Every structure is written in structure tokens, then in C-alpha cells.
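Visitor: Take a look at the following structure, please.
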Amino acid sequence: MAIAHALTIDVEEWFHDDWRPARGVDWRDLPSTVARDVTLLLDLLARTGARATFFVLGDVARRQPDLVKRIAAAGHEIASHGDAHRLVPTQNRAEFAADVRDSIAVLSECAGVRIAGYRAPYFLRRPRDLWAIDVLAELGLRYDTSYAPVRWMPYLGRGIPRAPYRHPCGVWEFPLPFAERFGGWNLPYAGGGPLLRFLPYRVVEQALRAHEAAIGPAVVYCHPWELDAEVRSLPGTPRHVRLWKRLGRARMLPALTRLLATFPFRPIREVYANELAA
Ligand SMILES: [Zn+2]
């Protein structure tokens, strides 16, 4: 039987991920599209028999608790994307702990289950940010899937961990996959733009097959807003960020449908059940 990969979805509004919070903009005044986009995803997952881990932002759960309940009731895993979508290195240890703790509280109340996993907004990029993992352990979390020690552009870096491993504090890391290229280049295909919006479908499928053969299951991710044909940006968002978010939107839904029909996808708690039981 084909091995199952881990599909993960960072549940946030289109404005949560907008480069940096625009000053003077109150999130409560902005139109919410997350429920509509998540509903589209839930329908697609139901049609293809796939299940996923949804890393839900506490801010979304607090405003739309029924959305979290619907995701959990459909057999998906609920995990934490933090509370306010703040870049981890801009917070001190106490602020970060409070942000994650608040998200765990609201998510476990909505979903009625214990929260085990975390993904950092904008990921963790530097070894010196790994103090955050110790905080996850203190809060009782079991795994992280945020640490990608590559330079953001152009994804340079050698020795990127590819297989699951345990941090010294005991928290598991399930790394995002990169395809290694000559000269230390890494081709990201795990999510965001490169998964299905920028890269041809064929390239993603080949990369996943290669990862499967060499290492085992891969973790891929997307955002609900990537399925929205209408592109929204906050005022002041730089042009390259707008472009990054806009490119390939029309391709996303058909390509994701094809990917889910080709590979089995399951939540992290099932794909890595053996690791998490250890
Ligand atoms: Zn995010």
C-alpha cells in the first residue's frame, strides 16, 4: 500500500499572513473569508478521502469556534498556529509562551481534544530561534513542524534535516521537505507558493516520489486563502509580496485536487503515530 503523506493547512485569514501587520488596521474591520475557503477545502478532502492537520490560529478560533468544531468533526487533527500570527523572534520568551498558551486554550475548548502540535507563523529559520521549541515542551506540546534552517532566499543551506528527529527537550520535529539541488541550492515545494501555484504539478509529484523513496512521508502545507480566486492585500503591502500571493491562484484548486487523488494524505498524528508514541 502507498505510504500516506501529511497534509497540513495553516488556518488564517488573508490578512493574517500579510508580510507584517499594517499599522492602524483593525483586523475586526476586515472582511472574513476563512470560513468559506475552509469549507471548500473540507469538501475537497471529503471527496478525495484525504484527512489533514489544521494548524488553526487562535484569533480565528476565538471568532469562529464553530469552524474549528466542523473541522474536528470531519476527522481532521486540530493543532496550533499560535494566537496572533506574530513572527517568533519579535517576541520574548514570556510573550511567545502566552501567545501559544492562549491558542491551545481556545483550540482545545473548541475541538474538545488535547492539542499536540504547533507550526510557527513564518516558520523558524535560525538555530538561535530554537528556544521556542523548549517553550512548546513546557506547554505540553509533542511536535513542531516549523524549523527550516535555510536562508529565506534563495533557499541556500546544507545539511537541512530531512527525516523526523527529536529536539533535546523531547519535542519531535517533522521537517518540511526540500529537494536538494547542485551547489547547495534547495528547491522548496512543501507549500506556500511553490506547492502547486508556482511549480508545475509534475515537478511536485516527482519531488514527493523521490522523498518517499529516500526518506518516507513528507509534510506539505497550504493556506485556505490560496484557494480564493480573489486576491486581497492590506494597504502598504510591498509589490513583491502581492505578486507572491497572487501568482498561480487559478491553478491551485485543480492541482490540489489532482495531488489528493494521486497520494494518500493523513493528519500528522497518524502519519507519525509511531514517533509520537515513543
Ligand atoms: Zn501563517
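Letters for chains follow the order of the C-alpha cells (A, B, ...), residue numbers begin at 1 for each chain, and ligand numbers begin at 1 in the order shown.
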Taking only region 14-160 of chain A into account, list the residues labelled alpha helix (DSSP H) by DSSP (computed from the backbone), as a PyMOL selection string.

Guide: chain A and resi 34-48+58-63+65-73+93-111+131-138

Visitor: Using only C-alpha atoms and all ligand atoms, what does the table of chain A residues within 10 Å of ligand 1 look like, with each row giving the shortest atom pair and its distance in Å to one decimal, sorted by chain and ascending number, as JSON lines?

Guide:
{"residue": "A:Ile9", "atom": "CA", "partner": "ligand 1", "partner_atom_place_in_ligand_line": "1 (Zn)", "distance": 9.2}
{"residue": "A:Asp10", "atom": "CA", "partner": "ligand 1", "partner_atom_place_in_ligand_line": "1 (Zn)", "distance": 5.7}
{"residue": "A:Val11", "atom": "CA", "partner": "ligand 1", "partner_atom_place_in_ligand_line": "1 (Zn)", "distance": 7.2}
{"residue": "A:Glu12", "atom": "CA", "partner": "ligand 1", "partner_atom_place_in_ligand_line": "1 (Zn)", "distance": 6.2}
{"residue": "A:Glu13", "atom": "CA", "partner": "ligand 1", "partner_atom_place_in_ligand_line": "1 (Zn)", "distance": 8.8}
{"residue": "A:Trp14", "atom": "CA", "partner": "ligand 1", "partner_atom_place_in_ligand_line": "1 (Zn)", "distance": 9.4}
{"residue": "A:Phe15", "atom": "CA", "partner": "ligand 1", "partner_atom_place_in_ligand_line": "1 (Zn)", "distance": 9.8}
{"residue": "A:His16", "atom": "CA", "partner": "ligand 1", "partner_atom_place_in_ligand_line": "1 (Zn)", "distance": 6.9}
{"residue": "A:Asp17", "atom": "CA", "partner": "ligand 1", "partner_atom_place_in_ligand_line": "1 (Zn)", "distance": 5.4}
{"residue": "A:Asp18", "atom": "CA", "partner": "ligand 1", "partner_atom_place_in_ligand_line": "1 (Zn)", "distance": 9.1}
{"residue": "A:Phe55", "atom": "CA", "partner": "ligand 1", "partner_atom_place_in_ligand_line": "1 (Zn)", "distance": 8.6}
{"residue": "A:Val56", "atom": "CA", "partner": "ligand 1", "partner_atom_place_in_ligand_line": "1 (Zn)", "distance": 8.9}
{"residue": "A:Leu57", "atom": "CA", "partner": "ligand 1", "partner_atom_place_in_ligand_line": "1 (Zn)", "distance": 7.8}
{"residue": "A:His81", "atom": "CA", "partner": "ligand 1", "partner_atom_place_in_ligand_line": "1 (Zn)", "distance": 6.8}
{"residue": "A:Gly82", "atom": "CA", "partner": "ligand 1", "partner_atom_place_in_ligand_line": "1 (Zn)", "distance": 8.8}
{"residue": "A:Ala84", "atom": "CA", "partner": "ligand 1", "partner_atom_place_in_ligand_line": "1 (Zn)", "distance": 9.6}
{"residue": "A:His85", "atom": "CA", "partner": "ligand 1", "partner_atom_place_in_ligand_line": "1 (Zn)", "distance": 6.3}
{"residue": "A:Arg86", "atom": "CA", "partner": "ligand 1", "partner_atom_place_in_ligand_line": "1 (Zn)", "distance": 8.9}
{"residue": "A:Leu87", "atom": "CA", "partner": "ligand 1", "partner_atom_place_in_ligand_line": "1 (Zn)", "distance": 9.5}
{"residue": "A:Arg119", "atom": "CA", "partner": "ligand 1", "partner_atom_place_in_ligand_line": "1 (Zn)", "distance": 8.2}
{"residue": "A:Ala120", "atom": "CA", "partner": "ligand 1", "partner_atom_place_in_ligand_line": "1 (Zn)", "distance": 7.3}
{"residue": "A:Pro121", "atom": "CA", "partner": "ligand 1", "partner_atom_place_in_ligand_line": "1 (Zn)", "distance": 4.4}
{"residue": "A:Tyr122", "atom": "CA", "partner": "ligand 1", "partner_atom_place_in_ligand_line": "1 (Zn)", "distance": 6.1}
{"residue": "A:Phe123", "atom": "CA", "partner": "ligand 1", "partner_atom_place_in_ligand_line": "1 (Zn)", "distance": 8.3}
{"residue": "A:Gly192", "atom": "CA", "partner": "ligand 1", "partner_atom_place_in_ligand_line": "1 (Zn)", "distance": 9.7}
{"residue": "A:Cys222", "atom": "CA", "partner": "ligand 1", "partner_atom_place_in_ligand_line": "1 (Zn)", "distance": 9.5}
{"residue": "A:His223", "atom": "CA", "partner": "ligand 1", "partner_atom_place_in_ligand_line": "1 (Zn)", "distance": 7.7}

Visitor: Using only C-alpha atoms for the distances, tell me which of A:Ala111, A:Leu260, A:Trp27, A:Leu40 is nearest to Glu226 (chain A).

Guide: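 For Glu226 (chain A), the nearest of the given residues is A:Leu40.
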
Visitor: Extract, using only C-alpha atoms, all DNA, RNA and protein residues at most 7 Å from region 165-178 of chain A, discarding same-chain residues fewer than 3 positions from it, and format them as a list in words.

Guide: Asp134, Ala137, Arg142, Tyr143, Asp144, Thr145, Tyr147, Ala148, Pro161, Arg162, Asn186, Leu187, Pro188, Tyr189, Ala190, Ala218, Val219 and Val220 of chain A

Visitor: CA of Ala132 (chain A) and CA of Thr90 (chain A), how far apart in Å?

Guide: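 Interatomic distance here is 11.6 Å.
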
Visitor: Record the distance separating CA of Phe96 (chain A) and CA of Pro164 (chain A), expressed in Å with one decimal.

Guide: 24.1 Å

Visitor: Which residues are close to Arg62 (chain A), i.e. within 12 Å by only C-alpha atoms, leaving aside same-chain residues fewer than 3 positions away? Reply as an MDAnalysis selection string.

Guide: chainID A and resid 12 56:59 65:69 83:84 102:111
